[in-house]
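S.K.: Please see the structure below; I have some questions.
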Amino acid sequence: MDLHPATRLIGDRPPTLEELDERLRAVAAAHPQSCRLQTIGRSRAGWPVDLLTVHGGPVDVLLLGAPHPDEPLGLATIEALAPYVATRAETRETFTWHFVPCTDPDGTALNETWWAAWPPTMESYHRGLYRPAAADQPEWTFPTAHFTAPLPETRAMMTVIDTVRPRLLVSLHSGNWDHCHYMITPGEQHLVDVLTAAANRGGLPVAAAPSDCAGLESPGTGVFVLPRPQPAPPDAEWEPTGMSSAHYAARHGGLGIFPEVPMWRTRPLTLPAEESIAVLDHARTLVSEALARTLAADDGRESMFTAAVRDQVAIMAWMIGQVQQHPALAAEQPLTLTVPLRAAGMLLRHLRTRCTDEPGNRALHAEHDTLEGEFDAWCRRAQTALQPEPVPVAQAVTYQITTVLAAADLVARHVARPRARTDVDLGISR
């Protein structure tokens, strides 16, 4: 494993929002001639959505951090890469770099507790995570013909993409499975070699068939083409709401990449299709019924967590359909064991809050205690089957930085006549 030199600029865990903001402010202050930090929008809860631009050459590259708020490794990648390009003139001869450090600050703030003590365990991650419902994800609420309600955070990213028109957009994803892979638009054959080199440098295995890529076009091992956004059929169990940032950048001719990197290395999982379906169906039914009883015992009080739990229940139903269509995939999918934990963990977060607010509500407390037992059993099952070993942050960041730099070079070679570089005011300078 050959760590990228930029990883010397980060700690041994992903930064919090405040820590990353402080470090990017320091970069902008130290290099005022080339760097500009702006607030380009506000989240639903009022957090700033920022943009750091490191000016250089005519080829624009845009990086998005924490596209899902339980995926913090991209925050560490931006923490490393922003000062790296700001201090090395050779990285700016061809490229101007744009960083949106966090695309979902509201959700990220709800996740920070579990990565404050890095590395996370299977239990600490699933007890502390918040994974928003599809309609609450800035990454997947870009407008389409069938979806016209982008979130405020999404509108901020739309402004950046429409103004900068990046040749390359990289949305920095991470997951809790064992392998790395790319989701891309459009299909770029040479990214297969980029993925192989980045995975080898980071010492990470490449996913041959991740569950969320089943049936997708693939130009080579580990690289999958994002399908064109379409309205979900009436009987669909689950679908993303709108289009992604990569789709939106492609409207301007940009290449979009989602480099997925694991938080853990795990043991190979062997789970026949019938058993996988049984696990998911049991969890889907149990969580759905527990949610219904919780709301019935609490005058129907909802929260961001109950919406997210419903989404995970729908995802489990969708996963069952995927296993039925592609049974060979089921044997090697850690998500079969971890998605139930996501749903149960978020329902427990809702219940803990409501039990604190309603100490005399015996039905709520009983529901909490029952679900705790199920959660503990599912956590032991996943821990025993997967034996997760944390991937060091520097290793994951090396994979993402290697991807970004190699993809940027690939894009630059394809640019016949680069656009003229302009300094565009997109918001309030910080």
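Please note that chains go A, B, ... in the order of the structure tokens, that every chain numbers its residues from 1, and that ligands are numbered from 1 in the order shown.
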Go through range 96-169 of chain A and flag each residue having an atom no more than 7 Å from range 242-251 of chain A; for those, report the closest pair of atoms plus their distance in Å to one decimal, using only C-alpha atoms, ordered by chain and rising number, as a Markdown table.
M.R.:
| residue | atom | partner | partner_atom | distance |
| --- | --- | --- | --- | --- |
| A:Glu139 | CA | A:Ser244 | CA | 5.5 |
| A:Trp140 | CA | A:Ser244 | CA | 4.6 |
| A:Thr141 | CA | A:Gly242 | CA | 4.5 |
| A:Phe142 | CA | A:Met243 | CA | 4.9 |
| A:Pro143 | CA | A:Gly242 | CA | 5.6 |
| A:Thr144 | CA | A:Gly242 | CA | 5.9 |
| A:Phe147 | CA | A:Gly242 | CA | 5.5 |
| A:Ile161 | CA | A:Ala249 | CA | 6.3 |
| A:Arg165 | CA | A:Ala249 | CA | 7.0 |
| A:Pro166 | CA | A:Ala249 | CA | 7.0 |
| A:Leu169 | CA | A:Ala246 | CA | 6.6 |
S.K.: Please, could you write that set of residues out with N, CA, C and O atoms as a short mmCIF file (atom, residue, chain, number, x, y, z; two decimals), in the first residue's frame?
M.R.:
data_model
loop_
_atom_site.label_atom_id
_atom_site.label_comp_id
_atom_site.auth_asym_id
_atom_site.auth_seq_id
_atom_site.Cartn_x
_atom_site.Cartn_y
_atom_site.Cartn_z
N GLU A 139 -28.18 14.69 -2.57
CA GLU A 139 -27.52 14.04 -3.70
C GLU A 139 -28.52 13.51 -4.72
O GLU A 139 -28.22 13.47 -5.92
N TRP A 140 -29.72 13.12 -4.29
CA TRP A 140 -30.67 12.47 -5.19
C TRP A 140 -31.95 13.28 -5.38
O TRP A 140 -33.00 12.71 -5.68
N THR A 141 -31.88 14.60 -5.21
CA THR A 141 -33.06 15.42 -5.46
C THR A 141 -32.78 16.52 -6.47
O THR A 141 -33.35 17.61 -6.40
N PHE A 142 -31.91 16.25 -7.43
CA PHE A 142 -31.76 17.14 -8.59
C PHE A 142 -33.00 16.95 -9.48
O PHE A 142 -33.52 15.85 -9.62
N PRO A 143 -33.49 18.03 -10.09
CA PRO A 143 -34.78 17.95 -10.78
C PRO A 143 -34.73 17.14 -12.07
O PRO A 143 -33.73 17.11 -12.78
N THR A 144 -35.86 16.50 -12.33
CA THR A 144 -36.07 15.77 -13.58
C THR A 144 -37.47 16.13 -14.08
O THR A 144 -38.20 16.89 -13.44
N PHE A 147 -39.67 14.89 -11.33
CA PHE A 147 -39.41 15.35 -9.96
C PHE A 147 -38.96 16.81 -10.02
O PHE A 147 -37.95 17.13 -10.64
N ILE A 161 -22.84 23.93 -10.29
CA ILE A 161 -22.65 23.14 -11.50
C ILE A 161 -23.02 23.95 -12.74
O ILE A 161 -22.30 23.93 -13.75
N ARG A 165 -19.76 24.58 -14.61
CA ARG A 165 -19.82 23.57 -15.67
C ARG A 165 -18.58 22.68 -15.63
O ARG A 165 -17.78 22.65 -16.56
N PRO A 166 -18.42 21.92 -14.53
CA PRO A 166 -17.19 21.16 -14.35
C PRO A 166 -17.01 20.08 -15.42
O PRO A 166 -17.97 19.43 -15.83
N LEU A 169 -16.92 15.89 -12.17
CA LEU A 169 -17.55 15.97 -10.86
C LEU A 169 -17.32 14.65 -10.15
O LEU A 169 -17.60 13.58 -10.71
#
S.K.: With range 7-21 of chain A as the partner and 10 Å as the cut-off, tabulate the residues of range 87-182 of chain A that qualify, each row holding the nearest pair of atoms and their distance in Å to one decimal, using only C-alpha atoms, sorted by chain and rising number, as a tab-separated table.
M.R.:
residue	atom	partner	partner_atom	distance
A:Pro101	CA	A:Leu20	CA	7.6
A:Cys102	CA	A:Leu17	CA	7.8
A:Pro105	CA	A:Leu17	CA	7.4
A:Thr108	CA	A:Leu17	CA	7.8
A:Ala109	CA	A:Leu17	CA	7.2
A:Asn111	CA	A:Thr16	CA	9.5
A:Glu112	CA	A:Thr16	CA	6.4
A:Thr113	CA	A:Thr16	CA	9.2
A:Trp115	CA	A:Arg13	CA	6.9
A:Ala116	CA	A:Arg13	CA	7.5
A:Ala117	CA	A:Arg13	CA	8.0
A:Trp118	CA	A:Arg13	CA	5.6
A:Pro119	CA	A:Arg13	CA	7.3
A:Pro120	CA	A:Arg13	CA	9.7
S.K.: Considering only C-alpha atoms, state which residue in the set A:Gln400, A:Gly65, A:Leu129, A:Gln325 is at the smallest distance from Tyr182 in chain A.
M.R.: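 Nearest candidate to Tyr182 in chain A out of A:Gln400, A:Gly65, A:Leu129, A:Gln325: A:Gln400.
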S.K.: Quick one: of A:Ser43, A:Trp238, A:Leu73, A:Leu255, who's nearest to Leu410 in chain A, counting only C-alpha atoms?
M.R.: A:Leu255
S.K.: Could you check the closest approach to Ala149 in chain A for each of A:Ala29, A:Thr241, A:His4, A:Leu75 and tell me which residue wins, using only C-alpha atoms?
M.R.: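 The closest residue to Ala149 in chain A is A:Thr241.
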S.K.: Could you check which of A:Ala396, A:Val160, A:Ala6, A:Leu37 is closest to Gly202 in chain A, using only C-alpha atoms?
M.R.: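 The answer is A:Ala396, which sits nearest to Gly202 in chain A.
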S.K.: Quick one: residues within 10 Å of Met122 in chain A, only C-alpha atoms counted, chain neighbours fewer than 5 positions away excluded, as a PyMOL selection string?
M.R.: chain A and resi 127+176+264+338+341+379-380+382-383+386-390
S.K.: If you count only C-alpha atoms, which residues fall within 9 Å of Val404 in chain A, apart from same-chain ones fewer than 3 positions away, as number ranges by chain?
M.R.: A: 61, 63, 168, 170, 257, 259, 399-401, 407-409
S.K.: Residues of the last selection are to be written out with N, CA and C atoms, as a PDB file, in the first residue's frame.
M.R.:
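again-v3.pdb, written as the output of this step:
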ATOM      1  N   VAL A  61     -12.699  21.096 -11.939  1.00  0.00           N
ATOM      2  CA  VAL A  61     -12.996  19.843 -11.245  1.00  0.00           C
ATOM      3  C   VAL A  61     -13.775  20.197  -9.979  1.00  0.00           C
ATOM      4  N   LEU A  63     -15.546  18.662  -6.448  1.00  0.00           N
ATOM      5  CA  LEU A  63     -15.641  17.568  -5.495  1.00  0.00           C
ATOM      6  C   LEU A  63     -16.744  17.863  -4.491  1.00  0.00           C
ATOM      7  N   LEU A 168     -15.212  17.559 -14.687  1.00  0.00           N
ATOM      8  CA  LEU A 168     -15.240  16.358 -13.854  1.00  0.00           C
ATOM      9  C   LEU A 168     -15.933  16.693 -12.551  1.00  0.00           C
ATOM     10  N   VAL A 170     -16.816  14.726  -8.912  1.00  0.00           N
ATOM     11  CA  VAL A 170     -16.588  13.529  -8.110  1.00  0.00           C
ATOM     12  C   VAL A 170     -17.354  13.674  -6.801  1.00  0.00           C
ATOM     13  N   ILE A 257     -18.410  10.856 -11.349  1.00  0.00           N
ATOM     14  CA  ILE A 257     -17.942   9.601 -10.747  1.00  0.00           C
ATOM     15  C   ILE A 257     -18.365   9.563  -9.282  1.00  0.00           C
ATOM     16  N   PRO A 259     -16.905   7.442  -6.465  1.00  0.00           N
ATOM     17  CA  PRO A 259     -15.953   6.422  -6.008  1.00  0.00           C
ATOM     18  C   PRO A 259     -16.353   5.916  -4.622  1.00  0.00           C
ATOM     19  N   TYR A 399      -7.239   6.088  -1.887  1.00  0.00           N
ATOM     20  CA  TYR A 399      -8.048   5.570  -2.998  1.00  0.00           C
ATOM     21  C   TYR A 399      -8.834   6.693  -3.668  1.00  0.00           C
ATOM     22  N   GLN A 400      -9.469   7.563  -2.874  1.00  0.00           N
ATOM     23  CA  GLN A 400     -10.288   8.614  -3.478  1.00  0.00           C
ATOM     24  C   GLN A 400      -9.436   9.688  -4.147  1.00  0.00           C
ATOM     25  N   ILE A 401      -8.331  10.076  -3.523  1.00  0.00           N
ATOM     26  CA  ILE A 401      -7.471  11.093  -4.146  1.00  0.00           C
ATOM     27  C   ILE A 401      -6.846  10.564  -5.432  1.00  0.00           C
ATOM     28  N   ALA A 407      -8.579  10.673 -12.801  1.00  0.00           N
ATOM     29  CA  ALA A 407      -9.739  11.012 -13.622  1.00  0.00           C
ATOM     30  C   ALA A 407      -9.621  12.425 -14.176  1.00  0.00           C
ATOM     31  N   ALA A 408      -9.065  13.337 -13.386  1.00  0.00           N
ATOM     32  CA  ALA A 408      -8.862  14.703 -13.866  1.00  0.00           C
ATOM     33  C   ALA A 408      -7.897  14.722 -15.055  1.00  0.00           C
ATOM     34  N   ASP A 409      -6.822  13.968 -14.957  1.00  0.00           N
ATOM     35  CA  ASP A 409      -5.885  13.888 -16.083  1.00  0.00           C
ATOM     36  C   ASP A 409      -6.555  13.282 -17.315  1.00  0.00           C
TER      37      ASP A 409
END
S.K.: Give me, as a PDB file with N, CA and C atoms, in the first residue's frame, the residues of range 152-189 of chain A that a backbone DSSP run labels alpha helix (DSSP H).
M.R.:
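This is the output file part-v9.pdb:
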ATOM      1  N   PRO A 152     -33.008  22.751  -0.667  1.00  0.00           N
ATOM      2  CA  PRO A 152     -32.142  23.941  -0.699  1.00  0.00           C
ATOM      3  C   PRO A 152     -30.673  23.598  -0.925  1.00  0.00           C
ATOM      4  N   GLU A 153     -30.194  22.524  -0.317  1.00  0.00           N
ATOM      5  CA  GLU A 153     -28.799  22.120  -0.517  1.00  0.00           C
ATOM      6  C   GLU A 153     -28.560  21.713  -1.969  1.00  0.00           C
ATOM      7  N   THR A 154     -29.546  21.056  -2.562  1.00  0.00           N
ATOM      8  CA  THR A 154     -29.435  20.660  -3.966  1.00  0.00           C
ATOM      9  C   THR A 154     -29.395  21.889  -4.869  1.00  0.00           C
ATOM     10  N   ARG A 155     -30.233  22.871  -4.563  1.00  0.00           N
ATOM     11  CA  ARG A 155     -30.235  24.094  -5.382  1.00  0.00           C
ATOM     12  C   ARG A 155     -28.892  24.799  -5.317  1.00  0.00           C
ATOM     13  N   ALA A 156     -28.238  24.766  -4.156  1.00  0.00           N
ATOM     14  CA  ALA A 156     -26.903  25.368  -4.044  1.00  0.00           C
ATOM     15  C   ALA A 156     -25.919  24.648  -4.962  1.00  0.00           C
ATOM     16  N   MET A 157     -25.966  23.307  -4.986  1.00  0.00           N
ATOM     17  CA  MET A 157     -25.075  22.558  -5.874  1.00  0.00           C
ATOM     18  C   MET A 157     -25.429  22.795  -7.339  1.00  0.00           C
ATOM     19  N   MET A 158     -26.710  22.929  -7.641  1.00  0.00           N
ATOM     20  CA  MET A 158     -27.115  23.220  -9.015  1.00  0.00           C
ATOM     21  C   MET A 158     -26.510  24.534  -9.487  1.00  0.00           C
ATOM     22  N   THR A 159     -26.514  25.543  -8.618  1.00  0.00           N
ATOM     23  CA  THR A 159     -25.936  26.845  -8.982  1.00  0.00           C
ATOM     24  C   THR A 159     -24.459  26.708  -9.310  1.00  0.00           C
ATOM     25  N   VAL A 160     -23.745  25.949  -8.487  1.00  0.00           N
ATOM     26  CA  VAL A 160     -22.317  25.742  -8.740  1.00  0.00           C
ATOM     27  C   VAL A 160     -22.111  25.021 -10.072  1.00  0.00           C
ATOM     28  N   ILE A 161     -22.837  23.931 -10.286  1.00  0.00           N
ATOM     29  CA  ILE A 161     -22.648  23.143 -11.503  1.00  0.00           C
ATOM     30  C   ILE A 161     -23.020  23.953 -12.742  1.00  0.00           C
ATOM     31  N   ASP A 162     -24.121  24.696 -12.672  1.00  0.00           N
ATOM     32  CA  ASP A 162     -24.545  25.496 -13.827  1.00  0.00           C
ATOM     33  C   ASP A 162     -23.564  26.618 -14.135  1.00  0.00           C
ATOM     34  N   THR A 163     -22.916  27.152 -13.091  1.00  0.00           N
ATOM     35  CA  THR A 163     -21.990  28.264 -13.284  1.00  0.00           C
ATOM     36  C   THR A 163     -20.601  27.783 -13.693  1.00  0.00           C
ATOM     37  N   VAL A 164     -20.096  26.800 -12.975  1.00  0.00           N
ATOM     38  CA  VAL A 164     -18.730  26.297 -13.214  1.00  0.00           C
ATOM     39  C   VAL A 164     -18.687  25.363 -14.421  1.00  0.00           C
TER      40      VAL A 164
END
S.K.: Measuring between only C-alpha atoms, which one of A:Leu195, A:Ala133, A:Val223, A:Ala412 shows the shortest distance to Val313 in chain A?
M.R.: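 Going through A:Leu195, A:Ala133, A:Val223, A:Ala412 one by one, the smallest distance to Val313 in chain A is for A:Ala133.
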S.K.: Could you list, with a cut-off of 9 Å and counting only C-alpha atoms, the residues of range 107-217 of chain A near range 292-310 of chain A, each shown with its nearest atom pair and the distance in Å rounded to one decimal, rows sorted by chain and ascending number, as a tab-separated table?
M.R.:
residue	atom	partner	partner_atom	distance
A:Tyr130	CA	A:Phe305	CA	7.3
A:Arg131	CA	A:Ala308	CA	6.4
A:Pro132	CA	A:Ala308	CA	5.0
A:Ala133	CA	A:Ala308	CA	4.4
A:Ala134	CA	A:Ala308	CA	8.2
A:Asp136	CA	A:Ala308	CA	8.7
S.K.: Which of range 223-357 of chain A end up as strand (DSSP E) when DSSP is run on this backbone - answer as a PyMOL selection string?
M.R.: chain A and resi 223-225+255-262+264-265
S.K.: Would you please work out which residue, of A:Ala366, A:Gln324, A:Ser211, A:Gly345, is nearest to Ser124 in chain A when using only C-alpha atoms?
M.R.: A:Gly345
S.K.: Between CA of Arg42 in chain A and CA of His252 in chain A, measure the distance and give it in Å to one decimal.
M.R.: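 Interatomic distance, CA of Arg42 in chain A to CA of His252 in chain A: 24.4 Å.
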S.K.: Pick out the residues sitting within 7 Å of Ala66 in chain A, and hand them over as a ChimeraX atom specification; count only C-alpha atoms, and ignore anything fewer than 5 positions along from it in its own chain.
M.R.: /A:71-72,74-75,102-104,172-173
S.K.: Take the residues from that selection and put them in a file with N, CA and C atoms, as a compact mmCIF listing (two decimals), in the first residue's frame.
M.R.:
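out-v4.txt, written as the output of this step:
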# COMPACT_ATOMS: atom_id res chain seq x y z
N GLU A 71 -21.61 8.90 5.44
CA GLU A 71 -20.44 8.53 4.64
C GLU A 71 -19.37 9.62 4.79
N PRO A 72 -18.64 9.63 5.91
CA PRO A 72 -17.77 10.77 6.22
C PRO A 72 -16.38 10.71 5.61
N GLY A 74 -15.36 11.03 2.67
CA GLY A 74 -15.15 12.11 1.71
C GLY A 74 -14.77 13.42 2.36
N LEU A 75 -15.23 13.64 3.60
CA LEU A 75 -14.81 14.84 4.33
C LEU A 75 -13.30 14.83 4.55
N CYS A 102 -19.35 19.76 2.30
CA CYS A 102 -20.40 18.90 2.82
C CYS A 102 -21.72 19.27 2.14
N THR A 103 -22.31 18.30 1.43
CA THR A 103 -23.53 18.58 0.69
C THR A 103 -24.79 18.43 1.55
N ASP A 104 -24.68 17.78 2.70
CA ASP A 104 -25.83 17.59 3.59
C ASP A 104 -25.41 17.85 5.03
N LEU A 172 -18.00 12.03 -3.37
CA LEU A 172 -17.12 11.16 -2.60
C LEU A 172 -17.91 10.27 -1.64
N HIS A 173 -18.29 9.11 -2.12
CA HIS A 173 -19.10 8.17 -1.35
C HIS A 173 -18.22 7.20 -0.56
S.K.: What's the separation between CA of Ala278 in chain A and CA of Thr121 in chain A, in Å to one decimal place?
M.R.: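 If I compute the distance from CA of Ala278 in chain A to CA of Thr121 in chain A, I get 25.3 Å.
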